[in-house]
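Worksheet: one structure, shown below.
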Amino acid sequence: MNKDYTIAVISDIHSNIYALEAVLSDIDSRGIKTIVNLGDTLFGPTDPIKTAELILKRPDIINIMGNCDRYLLQEQMESVTFHYVKPVLTPEIHDWIQRRGYLKIYYSVMELLSQMTNICWRKLLHMVLLKRC
């Protein structure tokens with residue numbers, strides 16, 4: 001398998017730092033250099049801060065914002081998870097979410113998928129790889 005063209009896809013981390021560490025370790029052991037995170041990264045009870053810190057340290061991860069990531073930009077929400085996660089976010093992490101440590105061109109996977117009918121796969125992949133933040 002040619003590692004230069006292999007992309008790992010992860011999603012729905014929901015602040016589970018332990019699972020994220022295990023998955024990233026496996027990806028690294030395979031020599032994969034590009035990771036696409038489909039979102040829903042920090043909205044969960046395990047450890048949103050350590051999860052964010054690990055994601056921020058990895059320039060090889062392309063992040064696409066999920067619906068749960070957008071929730072953290074809201075001021076209020078009727079959710080126990082929101083009331084746990086939102087107050088513990090550091091200014092740096094909140095700024096990363098707000099200014100897009102995520103892809104700037106797509107706000108959701110559904111928006112990304114809706115564009116696939118208009119753009120060939122190769123061009124789309126090229127756009128994603130060039131638009132990292």
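Each chain in the structure tokens gets a letter, A, B and so on, in the order shown; residues start at 1 in every chain, and ligands are counted from 1 in the order they appear.
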For this session: Mind checking which residues fall within 8 Å of Phe43 (chain A), counting only C-alpha atoms, ignoring those fewer than 3 positions away in the same chain, and posting them as JSON, numbers by chain?
Result: {"A": [14, 15, 40, 48, 68, 69, 72, 81, 82, 85]}
Problem set entry | Spatial neighbours of region 36-39 of chain A, max dist 7 Å, only C-alpha atoms, sep filter under 2 positions, as a list in words | Ala8, Val9, Ile10, Ser11, Asp12, Thr34, Thr41, Ile61, Ile62, Asn63, Ile64, Met65, Gly66, Asp69 and Val109 of chain A
Go ahead and dump the residues you just picked, C-alpha atoms, as a PDB file, in the first residue's frame.
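Saved file result39.pdb follows:
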ATOM      1  CA  ALA A   8      -7.192   7.965   7.787  1.00  0.00           C
ATOM      2  CA  VAL A   9     -10.722   9.122   8.602  1.00  0.00           C
ATOM      3  CA  ILE A  10     -11.843   9.546  12.197  1.00  0.00           C
ATOM      4  CA  SER A  11     -15.024  10.978  13.674  1.00  0.00           C
ATOM      5  CA  ASP A  12     -17.234  11.264  16.738  1.00  0.00           C
ATOM      6  CA  THR A  34      -3.000  12.650   6.583  1.00  0.00           C
ATOM      7  CA  THR A  41     -14.611  16.261  18.668  1.00  0.00           C
ATOM      8  CA  ILE A  61      -5.297  16.382  11.098  1.00  0.00           C
ATOM      9  CA  ILE A  62      -7.802  18.133   8.843  1.00  0.00           C
ATOM     10  CA  ASN A  63     -10.836  18.993  10.972  1.00  0.00           C
ATOM     11  CA  ILE A  64     -14.367  19.347   9.649  1.00  0.00           C
ATOM     12  CA  MET A  65     -16.884  20.872  12.021  1.00  0.00           C
ATOM     13  CA  GLY A  66     -19.654  18.587  13.201  1.00  0.00           C
ATOM     14  CA  ASP A  69     -18.733  21.254  17.568  1.00  0.00           C
ATOM     15  CA  VAL A 109     -20.080  16.852   6.476  1.00  0.00           C
TER      16      VAL A 109
END
For this session: Have a look at A:Glu92, A:Arg70, A:Thr6, A:Val80 and name the one nearest to Pro45 (chain A); count only C-alpha atoms.
Result: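 Distance minimum relative to Pro45 (chain A) lands on A:Val80.
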